[in-house]
Amino acid sequence: MAMSYRELATRPVLTWCAVVVAARMPVAMAPLALVFVVRERPGGYTLGAVLAAVYVIGEVIGAPLLGTRLRPDRPRPHVAVGLAAGAAGFTGLGLLPGAHPVVLGAFAFLAGFAPASAPGATRALLTGMVPERAVAQALSLESMLTFIIWAAAPAIATGLALGTAPYVPLLLAGALMAVSVAGLWALPAGWQTGPDDLDGQSTVRLIARAWPVYVTGAASLSLLALTELILPALLEQRSIGIGWAGPLLAGFSIASAVGAFVYGLRGWPGRLPTQSLVLLLGVSAGVTLVAVLPGTVAMGAALVAAGLLQAPSSLARNLTLREVLPSSALAAGYSVMYAAVGAGYAATGSLAGALLRVVAPSTAIMVGVGLTVLLALIGAVGERRMSRLPDASGEAGAAAKGFAAEGAAVDRRRDTERSL
């Protein structure tokens, strides 16, 4: 029997939502907050960009390194220590905005690195709190909540930095992350695993085997980076007021939240990797239209269409991880995905900055879309080969058997999910 979104409105799930808002709002506020806190210093904007880059590097390193060490039966102490250290990093940045850049860089790295396993752990907790038939809706709920957070965070950071003091957003970030630590004790202590539970070495091997899913994830966030970072320059190229960048990106985020909601309403035809690839190609087409269409209304329509497909593409990838990883490795897999998409965003941002020095913004977008499609196709080919790998012997064989057992279980789950 299908489960509706209304049935997710339970006290445990609502508590989870509150904890996630407190833990992820600081992450969404961080890039702008780091720029604002140092922008009045000599070379402030450059320093702010460097600090934001150090923060992202901390996330990209911390997510796989710490996420693979999560224990499904006792993740709470691990996540709590990471969030507490992250809160200390944000608070240090807020209390010492005039410190030496090296000190600020250390705080920024700590704020990004320490809590980087929390997104994977909280996602695994959420899917463990709901029946199997409701996993798609639960992940859709998480996606909607994430887009709302990322839509609100820039406005909050900007308003506080300009309306009160430049360091206030970072102090708020530290306070929110500290609150999320306390909120962990209102959530389940862990999530159940099946007979597919594996030792650490086998888990790492299985996570590495799922590399095509991470490549596709990095490709998806590359498109988002292209949209966010090149749009202002593209508007100038079109002789459109740069102030339209905010409303256009807000339309993209709202459309993504709507897309996540619609995706969770029912099951969809086709294998999950195929869904993800088709949706990602659709997003690529939308971003391409943004680069070639001349008017604000047309560009906005293309962005809305791309946004509607962006969130379902991400959801299909997360559900694919549930197909190819045993339950004991899911949190680690989600953490590696978090690192992969962060790396994709950062790499594309750097590429966009380099391209804008030598080509027009529209051309830079087209080049970025081409590279994104190439990554998506590499991921798709890798996923097909991954599904055909034969069982090995010894420890690798045991891992592959766990892999296959989980796949069979998920096939049964997908039959149920198709009736949603």
# chains A, B, ... in the order shown; residues from 1 in each chain; ligands from 1
$ select_by_dssp --residues "segment 154-354 of chain A" --states "helix (DSSP H, G or I)" --output "ChimeraX atom specification"
/A:154-163,168-186,200-209,211-237,242-263,272-292,296-324,327-354
$ residues_around --residues "Ala255 of chain A" --least-positions-apart "6" --cutoff "10 Å" --atoms "only C-alpha atoms" --output "list in words"
Met144, Phe147, Leu249, Phe261, Leu303, Val304, Ala305, Ala306, Gly307, Leu308, Leu309, Gln310 and Ala311 of chain A
$ closest_residue --among "A:Arg271, A:Glu236, A:Leu8, A:Ser180" --to "Val79 of chain A" --atoms "only C-alpha atoms"
A:Ser180
$ closest_residue --among "A:Tyr5, A:Phe252, A:Phe90, A:Trp211" --to "Leu141 of chain A" --atoms "only C-alpha atoms"
A:Tyr5
$ residues_around --residues "Val38 of chain A" --least-positions-apart "4" --cutoff "12 Å" --atoms "only C-alpha atoms" --output "ChimeraX atom specification"
/A:31-34,42-52,93-94,96-101,104-105,161,165-167,170
$ write_last_selection --atoms "C-alpha atoms" --output "PDB file, in the first residue's frame"
ATOM      1  CA  PRO A  31      30.337  30.807   1.454  1.00  0.00           C
ATOM      2  CA  LEU A  32      28.641  34.220   1.651  1.00  0.00           C
ATOM      3  CA  ALA A  33      29.297  34.576   5.378  1.00  0.00           C
ATOM      4  CA  LEU A  34      33.030  34.008   4.838  1.00  0.00           C
ATOM      5  CA  PRO A  42      42.583  44.907   2.283  1.00  0.00           C
ATOM      6  CA  GLY A  43      42.046  42.364  -0.480  1.00  0.00           C
ATOM      7  CA  GLY A  44      38.965  41.227   1.405  1.00  0.00           C
ATOM      8  CA  TYR A  45      37.041  39.743  -1.496  1.00  0.00           C
ATOM      9  CA  THR A  46      40.017  37.673  -2.586  1.00  0.00           C
ATOM     10  CA  LEU A  47      40.577  36.481   0.970  1.00  0.00           C
ATOM     11  CA  GLY A  48      36.884  35.645   1.307  1.00  0.00           C
ATOM     12  CA  ALA A  49      36.984  33.566  -1.861  1.00  0.00           C
ATOM     13  CA  VAL A  50      40.069  31.723  -0.596  1.00  0.00           C
ATOM     14  CA  LEU A  51      38.409  31.013   2.760  1.00  0.00           C
ATOM     15  CA  ALA A  52      35.297  29.716   0.996  1.00  0.00           C
ATOM     16  CA  LEU A  93      35.598  32.717  12.630  1.00  0.00           C
ATOM     17  CA  GLY A  94      32.903  34.941  14.115  1.00  0.00           C
ATOM     18  CA  LEU A  96      38.163  36.496  15.560  1.00  0.00           C
ATOM     19  CA  PRO A  97      37.351  38.123  12.194  1.00  0.00           C
ATOM     20  CA  GLY A  98      40.549  40.184  12.306  1.00  0.00           C
ATOM     21  CA  ALA A  99      42.852  37.220  12.915  1.00  0.00           C
ATOM     22  CA  HIS A 100      45.715  36.282  10.597  1.00  0.00           C
ATOM     23  CA  PRO A 101      44.488  34.674   7.338  1.00  0.00           C
ATOM     24  CA  LEU A 104      40.964  32.051   9.651  1.00  0.00           C
ATOM     25  CA  GLY A 105      41.840  29.372   7.100  1.00  0.00           C
ATOM     26  CA  ALA A 161      25.952  40.841   7.665  1.00  0.00           C
ATOM     27  CA  ALA A 165      27.579  43.121  11.795  1.00  0.00           C
ATOM     28  CA  PRO A 166      29.697  41.085   9.339  1.00  0.00           C
ATOM     29  CA  TYR A 167      30.536  38.448  11.942  1.00  0.00           C
ATOM     30  CA  LEU A 170      29.097  33.058  11.432  1.00  0.00           C
TER      31      LEU A 170
END
$ closest_residue --among "A:Gly370, A:Pro154, A:Pro115, A:Pro326" --to "Val287 of chain A" --atoms "only C-alpha atoms"
A:Gly370
$ closest_atom_pairs --of "segment 79-196 of chain A" --to "segment 333-340 of chain A" --cutoff "8 Å" --atoms "only C-alpha atoms" --output "JSON lines"
{"residue": "A:Ala116", "atom": "CA", "partner": "A:Ser335", "partner_atom": "CA", "distance": 7.5}
{"residue": "A:Ser117", "atom": "CA", "partner": "A:Ser335", "partner_atom": "CA", "distance": 5.8}
{"residue": "A:Pro119", "atom": "CA", "partner": "A:Ser335", "partner_atom": "CA", "distance": 6.8}
{"residue": "A:Gly120", "atom": "CA", "partner": "A:Tyr334", "partner_atom": "CA", "distance": 4.6}
{"residue": "A:Ala121", "atom": "CA", "partner": "A:Ser335", "partner_atom": "CA", "distance": 7.8}
{"residue": "A:Arg123", "atom": "CA", "partner": "A:Tyr334", "partner_atom": "CA", "distance": 7.7}
$ atom_distance --atom1 "atom CA of Ala218 of chain A" --atom2 "atom CA of Gly344 of chain A"
4.3 Å
$ closest_residue --among "A:Ala332, A:Val292, A:Leu125, A:Glu40" --to "Leu162 of chain A" --atoms "only C-alpha atoms"
A:Glu40
$ closest_residue --among "A:Arg71, A:Arg238, A:Arg11, A:Arg385" --to "Val130 of chain A" --atoms "only C-alpha atoms"
A:Arg11
$ atom_distance --atom1 "atom CA of Ala225 of chain A" --atom2 "atom CA of Ala301 of chain A"
18.5 Å
$ closest_residue --among "A:Arg209, A:Arg6, A:Arg24, A:Arg322" --to "Leu83 of chain A" --atoms "only C-alpha atoms"
A:Arg24
$ residues_around --residues "Val81 of chain A" --least-positions-apart "6" --cutoff "10 Å" --atoms "only C-alpha atoms" --output "ChimeraX atom specification"
/A:87,114-115,181
$ write_last_selection --atoms "N, CA and C atoms" --output "PDB file, in the first residue's frame"
ATOM      1  N   ALA A  87      30.877  23.572  14.908  1.00  0.00           N
ATOM      2  CA  ALA A  87      30.355  24.748  15.606  1.00  0.00           C
ATOM      3  C   ALA A  87      31.491  25.591  16.159  1.00  0.00           C
ATOM      4  N   ALA A 114      35.050  18.892   9.828  1.00  0.00           N
ATOM      5  CA  ALA A 114      34.579  18.115  10.979  1.00  0.00           C
ATOM      6  C   ALA A 114      33.152  17.590  10.835  1.00  0.00           C
ATOM      7  N   PRO A 115      32.178  18.405  10.392  1.00  0.00           N
ATOM      8  CA  PRO A 115      30.804  17.890  10.323  1.00  0.00           C
ATOM      9  C   PRO A 115      30.439  17.267   8.985  1.00  0.00           C
ATOM     10  N   VAL A 181      23.676  19.469  17.627  1.00  0.00           N
ATOM     11  CA  VAL A 181      24.319  18.427  18.430  1.00  0.00           C
ATOM     12  C   VAL A 181      23.347  17.925  19.501  1.00  0.00           C
TER      13      VAL A 181
END
$ decode --residues "segment 47-173 of chain A" --atoms "C-alpha atoms" --output "PDB file, in the first residue's frame"
ATOM      1  CA  LEU A  47      40.577  36.481   0.970  1.00  0.00           C
ATOM      2  CA  GLY A  48      36.884  35.645   1.307  1.00  0.00           C
ATOM      3  CA  ALA A  49      36.984  33.566  -1.861  1.00  0.00           C
ATOM      4  CA  VAL A  50      40.069  31.723  -0.596  1.00  0.00           C
ATOM      5  CA  LEU A  51      38.409  31.013   2.760  1.00  0.00           C
ATOM      6  CA  ALA A  52      35.297  29.716   0.996  1.00  0.00           C
ATOM      7  CA  ALA A  53      37.496  27.458  -1.139  1.00  0.00           C
ATOM      8  CA  VAL A  54      39.318  26.164   1.975  1.00  0.00           C
ATOM      9  CA  TYR A  55      35.940  25.479   3.575  1.00  0.00           C
ATOM     10  CA  VAL A  56      34.781  23.446   0.551  1.00  0.00           C
ATOM     11  CA  ILE A  57      38.090  21.555   0.449  1.00  0.00           C
ATOM     12  CA  GLY A  58      37.540  20.648   4.098  1.00  0.00           C
ATOM     13  CA  GLU A  59      34.104  19.268   3.214  1.00  0.00           C
ATOM     14  CA  VAL A  60      35.385  17.300   0.238  1.00  0.00           C
ATOM     15  CA  ILE A  61      38.175  15.706   2.300  1.00  0.00           C
ATOM     16  CA  GLY A  62      36.117  15.183   5.445  1.00  0.00           C
ATOM     17  CA  ALA A  63      33.034  13.569   3.902  1.00  0.00           C
ATOM     18  CA  PRO A  64      34.678  10.368   2.603  1.00  0.00           C
ATOM     19  CA  LEU A  65      37.355  10.206   5.305  1.00  0.00           C
ATOM     20  CA  LEU A  66      34.914  10.515   8.211  1.00  0.00           C
ATOM     21  CA  GLY A  67      31.864   9.025   6.504  1.00  0.00           C
ATOM     22  CA  THR A  68      33.531   5.668   5.904  1.00  0.00           C
ATOM     23  CA  ARG A  69      34.165   5.423   9.654  1.00  0.00           C
ATOM     24  CA  LEU A  70      30.505   5.698  10.637  1.00  0.00           C
ATOM     25  CA  ARG A  71      29.104   2.721  12.557  1.00  0.00           C
ATOM     26  CA  PRO A  72      25.433   2.029  11.760  1.00  0.00           C
ATOM     27  CA  ASP A  73      24.729   0.903  15.331  1.00  0.00           C
ATOM     28  CA  ARG A  74      26.419   3.907  17.013  1.00  0.00           C
ATOM     29  CA  PRO A  75      26.769   6.891  14.648  1.00  0.00           C
ATOM     30  CA  ARG A  76      25.620   9.472  17.198  1.00  0.00           C
ATOM     31  CA  PRO A  77      28.918  10.055  19.102  1.00  0.00           C
ATOM     32  CA  HIS A  78      30.846  10.307  15.825  1.00  0.00           C
ATOM     33  CA  VAL A  79      28.401  12.812  14.294  1.00  0.00           C
ATOM     34  CA  ALA A  80      28.041  14.776  17.540  1.00  0.00           C
ATOM     35  CA  VAL A  81      31.799  15.298  17.869  1.00  0.00           C
ATOM     36  CA  GLY A  82      31.996  16.409  14.241  1.00  0.00           C
ATOM     37  CA  LEU A  83      29.122  18.882  14.563  1.00  0.00           C
ATOM     38  CA  ALA A  84      30.549  20.255  17.827  1.00  0.00           C
ATOM     39  CA  ALA A  85      33.930  20.796  16.195  1.00  0.00           C
ATOM     40  CA  GLY A  86      32.222  22.438  13.230  1.00  0.00           C
ATOM     41  CA  ALA A  87      30.355  24.748  15.606  1.00  0.00           C
ATOM     42  CA  ALA A  88      33.690  25.666  17.190  1.00  0.00           C
ATOM     43  CA  GLY A  89      35.126  26.458  13.751  1.00  0.00           C
ATOM     44  CA  PHE A  90      32.242  28.782  12.837  1.00  0.00           C
ATOM     45  CA  THR A  91      32.320  30.443  16.243  1.00  0.00           C
ATOM     46  CA  GLY A  92      36.072  31.012  15.991  1.00  0.00           C
ATOM     47  CA  LEU A  93      35.598  32.717  12.630  1.00  0.00           C
ATOM     48  CA  GLY A  94      32.903  34.941  14.115  1.00  0.00           C
ATOM     49  CA  LEU A  95      34.800  35.851  17.257  1.00  0.00           C
ATOM     50  CA  LEU A  96      38.163  36.496  15.560  1.00  0.00           C
ATOM     51  CA  PRO A  97      37.351  38.123  12.194  1.00  0.00           C
ATOM     52  CA  GLY A  98      40.549  40.184  12.306  1.00  0.00           C
ATOM     53  CA  ALA A  99      42.852  37.220  12.915  1.00  0.00           C
ATOM     54  CA  HIS A 100      45.715  36.282  10.597  1.00  0.00           C
ATOM     55  CA  PRO A 101      44.488  34.674   7.338  1.00  0.00           C
ATOM     56  CA  VAL A 102      46.183  31.404   8.269  1.00  0.00           C
ATOM     57  CA  VAL A 103      44.178  31.270  11.511  1.00  0.00           C
ATOM     58  CA  LEU A 104      40.964  32.051   9.651  1.00  0.00           C
ATOM     59  CA  GLY A 105      41.840  29.372   7.100  1.00  0.00           C
ATOM     60  CA  ALA A 106      42.324  26.816   9.874  1.00  0.00           C
ATOM     61  CA  PHE A 107      38.914  27.678  11.349  1.00  0.00           C
ATOM     62  CA  ALA A 108      37.293  27.512   7.897  1.00  0.00           C
ATOM     63  CA  PHE A 109      38.850  24.113   7.192  1.00  0.00           C
ATOM     64  CA  LEU A 110      37.671  22.809  10.579  1.00  0.00           C
ATOM     65  CA  ALA A 111      34.148  24.130   9.985  1.00  0.00           C
ATOM     66  CA  GLY A 112      33.997  22.286   6.657  1.00  0.00           C
ATOM     67  CA  PHE A 113      35.893  19.126   7.559  1.00  0.00           C
ATOM     68  CA  ALA A 114      34.579  18.115  10.979  1.00  0.00           C
ATOM     69  CA  PRO A 115      30.804  17.890  10.323  1.00  0.00           C
ATOM     70  CA  ALA A 116      31.128  16.548   6.770  1.00  0.00           C
ATOM     71  CA  SER A 117      29.837  13.080   7.689  1.00  0.00           C
ATOM     72  CA  ALA A 118      26.599  14.484   9.123  1.00  0.00           C
ATOM     73  CA  PRO A 119      24.637  14.704   5.827  1.00  0.00           C
ATOM     74  CA  GLY A 120      25.249  11.038   5.043  1.00  0.00           C
ATOM     75  CA  ALA A 121      24.457   9.941   8.589  1.00  0.00           C
ATOM     76  CA  THR A 122      21.241  11.966   8.841  1.00  0.00           C
ATOM     77  CA  ARG A 123      20.053  10.665   5.452  1.00  0.00           C
ATOM     78  CA  ALA A 124      20.661   7.084   6.572  1.00  0.00           C
ATOM     79  CA  LEU A 125      18.800   7.822   9.817  1.00  0.00           C
ATOM     80  CA  LEU A 126      15.827   9.200   7.887  1.00  0.00           C
ATOM     81  CA  THR A 127      15.522   6.215   5.557  1.00  0.00           C
ATOM     82  CA  GLY A 128      15.824   3.926   8.578  1.00  0.00           C
ATOM     83  CA  MET A 129      12.948   5.725  10.344  1.00  0.00           C
ATOM     84  CA  VAL A 130      10.339   5.098   7.647  1.00  0.00           C
ATOM     85  CA  PRO A 131       8.946   1.943   5.999  1.00  0.00           C
ATOM     86  CA  GLU A 132      10.671   0.753   2.840  1.00  0.00           C
ATOM     87  CA  ARG A 133       7.681   1.766   0.738  1.00  0.00           C
ATOM     88  CA  ALA A 134       8.135   5.388   1.911  1.00  0.00           C
ATOM     89  CA  VAL A 135      11.871   5.752   1.202  1.00  0.00           C
ATOM     90  CA  ALA A 136      11.304   7.597  -2.089  1.00  0.00           C
ATOM     91  CA  GLN A 137       8.986  10.104  -0.360  1.00  0.00           C
ATOM     92  CA  ALA A 138      11.406  10.500   2.547  1.00  0.00           C
ATOM     93  CA  LEU A 139      14.296  11.321   0.209  1.00  0.00           C
ATOM     94  CA  SER A 140      12.015  13.688  -1.708  1.00  0.00           C
ATOM     95  CA  LEU A 141      11.189  15.418   1.579  1.00  0.00           C
ATOM     96  CA  GLU A 142      14.889  15.759   2.323  1.00  0.00           C
ATOM     97  CA  SER A 143      15.501  17.222  -1.134  1.00  0.00           C
ATOM     98  CA  MET A 144      12.706  19.766  -0.730  1.00  0.00           C
ATOM     99  CA  LEU A 145      14.042  20.762   2.683  1.00  0.00           C
ATOM    100  CA  THR A 146      17.571  21.134   1.263  1.00  0.00           C
ATOM    101  CA  PHE A 147      16.443  23.430  -1.554  1.00  0.00           C
ATOM    102  CA  ILE A 148      14.449  25.552   0.897  1.00  0.00           C
ATOM    103  CA  ILE A 149      17.525  25.880   3.131  1.00  0.00           C
ATOM    104  CA  TRP A 150      19.751  26.844   0.209  1.00  0.00           C
ATOM    105  CA  ALA A 151      17.181  29.355  -1.019  1.00  0.00           C
ATOM    106  CA  ALA A 152      16.874  31.029   2.395  1.00  0.00           C
ATOM    107  CA  ALA A 153      20.519  30.934   3.527  1.00  0.00           C
ATOM    108  CA  PRO A 154      21.944  33.622   1.189  1.00  0.00           C
ATOM    109  CA  ALA A 155      19.228  36.082   2.189  1.00  0.00           C
ATOM    110  CA  ILE A 156      19.791  35.377   5.893  1.00  0.00           C
ATOM    111  CA  ALA A 157      23.572  35.724   5.623  1.00  0.00           C
ATOM    112  CA  THR A 158      23.340  38.922   3.589  1.00  0.00           C
ATOM    113  CA  GLY A 159      20.677  40.498   5.790  1.00  0.00           C
ATOM    114  CA  LEU A 160      22.548  39.795   9.025  1.00  0.00           C
ATOM    115  CA  ALA A 161      25.952  40.841   7.665  1.00  0.00           C
ATOM    116  CA  LEU A 162      24.689  44.145   6.283  1.00  0.00           C
ATOM    117  CA  GLY A 163      21.995  44.847   8.864  1.00  0.00           C
ATOM    118  CA  THR A 164      23.879  43.992  12.073  1.00  0.00           C
ATOM    119  CA  ALA A 165      27.579  43.121  11.795  1.00  0.00           C
ATOM    120  CA  PRO A 166      29.697  41.085   9.339  1.00  0.00           C
ATOM    121  CA  TYR A 167      30.536  38.448  11.942  1.00  0.00           C
ATOM    122  CA  VAL A 168      26.939  37.762  13.059  1.00  0.00           C
ATOM    123  CA  PRO A 169      26.126  35.158  10.328  1.00  0.00           C
ATOM    124  CA  LEU A 170      29.097  33.058  11.432  1.00  0.00           C
ATOM    125  CA  LEU A 171      28.123  33.276  15.094  1.00  0.00           C
ATOM    126  CA  LEU A 172      24.585  32.232  14.139  1.00  0.00           C
ATOM    127  CA  ALA A 173      26.024  29.340  12.133  1.00  0.00           C
TER     128      ALA A 173
END
